[in-house]
Each structure stands twice: as structure tokens, then as C-alpha cells.
Amino acid sequence: MAAAADLDALVARIADGSKLALAADYYSGCAMAAVRRLIARGARGLHLIGIPTLGFQADMLIGAGCVATVECAAVTIGEYGPAPRFVAAVKAGSIRVIDGTCPAIHAGLQAAEKGIPFMPLRGIIGSDLVAHRDDWKIADNAFGANDPILLVKAIRPDVALFHAALGDRQGNVWIGVRRELMTAAHAAKATLVTVEEIHEGDLLADDRWAAGTIPALYVSALAVAKNGAWPVGLRGRYPADAAHLQRYVEMAQTEAGFRRYLEQLILESPAEI
């Protein structure tokens, strides 16, 4: 059963050094309000896992010095351009990057979800990526001859963190069609969710919501955070704040510009953002 929490209490559950799974910017729910609190707290040593990619929230965490490792299929701010603080960190060698692909990340999370050590996958064999992943293995198909298959190691986050439109007082969370968030909640040791609002009623008991609802069994804590994905959009609720994201990308091209962004929009008044 999920525990109700305020935002600070929810963020306090994310320890420094955690393997933290985050939603993709452009189609899932980014818990931006929680991410800003992590930055204001001065979190350190995080191992970010993209579900399956990372973007604005990861770039902010990297720029703020919160991140040691990034594991994902890509880091991008989409139409606004490359993620500037990620690019700078890679060039400086200040973070470790574990390259994957979207299918490989999903496969690793599915393995953890099922409680098995690996998931077989075919499409990556023959790519240079395999040579750089010593935690992936190529094995013979036990049910066929001369049929190599890639074994992708399970990815088990310490925490999955995302934002959703609705939660209820039982601790259930509605994610709609974003099934990758369901997989992440099953795979992670703990799942923390911010929601736009509390639904009065049981989401699992209503056929309109049940199919897209994560049961409270898989939700460790939830907190209400109105507009909690801003400036990233939330499907069916509000679009991305294009002007803000463009401003961020322009300011974050330099370390000094990024620091000004933090001072103006987070560190000076984190409760109002």
C-alpha cells in the first residue's frame, strides 16, 4: 500500500547513490517538481536509468552535480536540441555513460520485473555496442542449432520516479497507455510517484481507469504536485512550455549560464517553482 507523503518526504526516500529510473521527457510523466527538490537538496552520486531515454530532467541533475552514471538509450531535449550539460559532462569525463538501446533497456527492466537474471534479445547482435557491454553475453539458443542470442542483464532500479495525472486514496496510480511505467514500477525496489490530483474513488474498481492503473502494491509513496511535470508536458493535461525549454537550452550551453538558471528558478525559491 502506497504511503501518502508531501513532496519533501517523498524526495527524502531517494538516497544519494541510488539507481534512479526516470521517465522519458517527450511521452511519459516526468516528476519535475521532485527533481527540482533533489537538486535543491544537493543529491549526489545518482545512477540514472532512462525508461528508456533521458532528457531535460536528467540534464538538470547532471548539470547540478547530482549524477555519477547515466544508463539509457539516448539523452536529448528533442526538438530543442542536444542536452547541453550532458554533452559537457561527457566531454569532461565527469560522468560514466552506459550505452543501451530502447529494446535493451526495456528488456533489462522486463527481466527485473519477472525476477530473472537476464532477457534474451536478437537485434543488437553484430553492432559495436555489444563489444562495449561486458555485462551482456552472447549464448547459443538452447532450442536451436547455430542460433546465437544476446542475453541482456536485468536492470533493477532502487527507485522509479515519475509523475502521473491521477492517484487515489488507496495508493493506486493511473498512467493510461504508458505501460513502460508499469514495467518500471514492477522492476524497481521502490516506486515514488507525484500526481496532479487525487481521484475520489478506487481507480482499480472503475473499468474506465483500471486497465491503465498501477496497483498500490507497486507504489511505495505518492504526493500531490500540481503541474508537477512542468516545464515538460503531461499527456492529456498540459503541453510542454516551449519558451521555457528553449530558454533553458540557451542558458545551459555554459556552466555559468546553467548556474544562473538554477539560481533564478530553483535555488532561490524552490517551493514556488
# chains A, B, ... in the order shown; residues from 1 in each chain; ligands from 1

$ closest_atom_pairs --of "segment 25-100 of chain A" --to "segment 171-187 of chain A" --cutoff "12 Å" --atoms "only C-alpha atoms" --output "JSON lines"
{"residue": "A:Tyr26", "atom": "CA", "partner": "A:Arg178", "partner_atom": "CA", "distance": 11.7}
{"residue": "A:Tyr27", "atom": "CA", "partner": "A:Arg178", "partner_atom": "CA", "distance": 8.1}
{"residue": "A:Ser28", "atom": "CA", "partner": "A:Arg178", "partner_atom": "CA", "distance": 6.4}
{"residue": "A:Gly29", "atom": "CA", "partner": "A:Ile175", "partner_atom": "CA", "distance": 8.3}
{"residue": "A:Cys30", "atom": "CA", "partner": "A:Leu181", "partner_atom": "CA", "distance": 10.8}
{"residue": "A:Ile49", "atom": "CA", "partner": "A:Ala184", "partner_atom": "CA", "distance": 10.1}
{"residue": "A:Gly50", "atom": "CA", "partner": "A:Ala184", "partner_atom": "CA", "distance": 10.0}
{"residue": "A:Ile51", "atom": "CA", "partner": "A:Glu180", "partner_atom": "CA", "distance": 6.9}
{"residue": "A:Pro52", "atom": "CA", "partner": "A:Glu180", "partner_atom": "CA", "distance": 8.5}
{"residue": "A:Thr53", "atom": "CA", "partner": "A:Glu180", "partner_atom": "CA", "distance": 11.4}

$ write_last_selection --atoms "C-alpha atoms" --output "PDB file, in the first residue's frame"
ATOM      1  CA  TYR A  26       8.507  13.556 -24.572  1.00  0.00           C
ATOM      2  CA  TYR A  27       5.822  10.965 -23.881  1.00  0.00           C
ATOM      3  CA  SER A  28       5.879   9.773 -20.253  1.00  0.00           C
ATOM      4  CA  GLY A  29       5.405  11.613 -16.973  1.00  0.00           C
ATOM      5  CA  CYS A  30       8.448  13.474 -15.681  1.00  0.00           C
ATOM      6  CA  ILE A  49      18.306   4.871 -15.758  1.00  0.00           C
ATOM      7  CA  GLY A  50      16.239   6.066 -18.705  1.00  0.00           C
ATOM      8  CA  ILE A  51      12.859   4.455 -19.386  1.00  0.00           C
ATOM      9  CA  PRO A  52      14.310   4.108 -21.994  1.00  0.00           C
ATOM     10  CA  THR A  53      15.683   7.611 -22.771  1.00  0.00           C
TER      11      THR A  53
END

$ residues_around --residues "Phe162 of chain A" --least-positions-apart "4" --cutoff "9 Å" --atoms "only C-alpha atoms" --output "short mmCIF file (atom, residue, chain, number, x, y, z; two decimals) with C-alpha atoms, in the first residue's frame"
data_model
loop_
_atom_site.label_atom_id
_atom_site.label_comp_id
_atom_site.auth_asym_id
_atom_site.auth_seq_id
_atom_site.Cartn_x
_atom_site.Cartn_y
_atom_site.Cartn_z
CA ALA A 21 14.81 5.26 -13.10
CA LEU A 22 13.27 8.31 -14.80
CA ALA A 23 10.59 8.63 -17.45
CA SER A 28 5.88 9.77 -20.25
CA GLY A 29 5.40 11.61 -16.97
CA CYS A 30 8.45 13.47 -15.68
CA ALA A 31 8.37 14.24 -11.95
CA MET A 32 9.97 17.65 -12.42
CA ALA A 34 10.52 16.19 -7.32
CA LEU A 181 5.98 2.99 -16.32
CA THR A 191 8.33 3.41 -6.79
CA LEU A 192 7.69 7.06 -5.96
CA VAL A 193 5.00 8.97 -7.83
CA THR A 194 3.82 12.56 -7.92
CA VAL A 195 0.31 13.15 -9.23
CA ALA A 229 5.76 17.80 -14.82
#

$ atom_distance --atom1 "atom CA of Glu197 of chain A" --atom2 "atom CA of Val11 of chain A"
18.0 Å

$ residues_around --residues "segment 86-102 of chain A" --least-positions-apart "6" --cutoff "10 Å" --atoms "only C-alpha atoms" --output "PyMOL selection string"
chain A and resi 45+47-53+55-56+58-63+65+67-76+123-124+129-130+132-133+252-255

$ atom_distance --atom1 "atom CA of Leu166 of chain A" --atom2 "atom CA of Ala210 of chain A"
11.8 Å

$ select_by_dssp --residues "segment 37-90 of chain A" --states "strand (DSSP E)" --output "ChimeraX atom specification"
/A:46-51,67-72
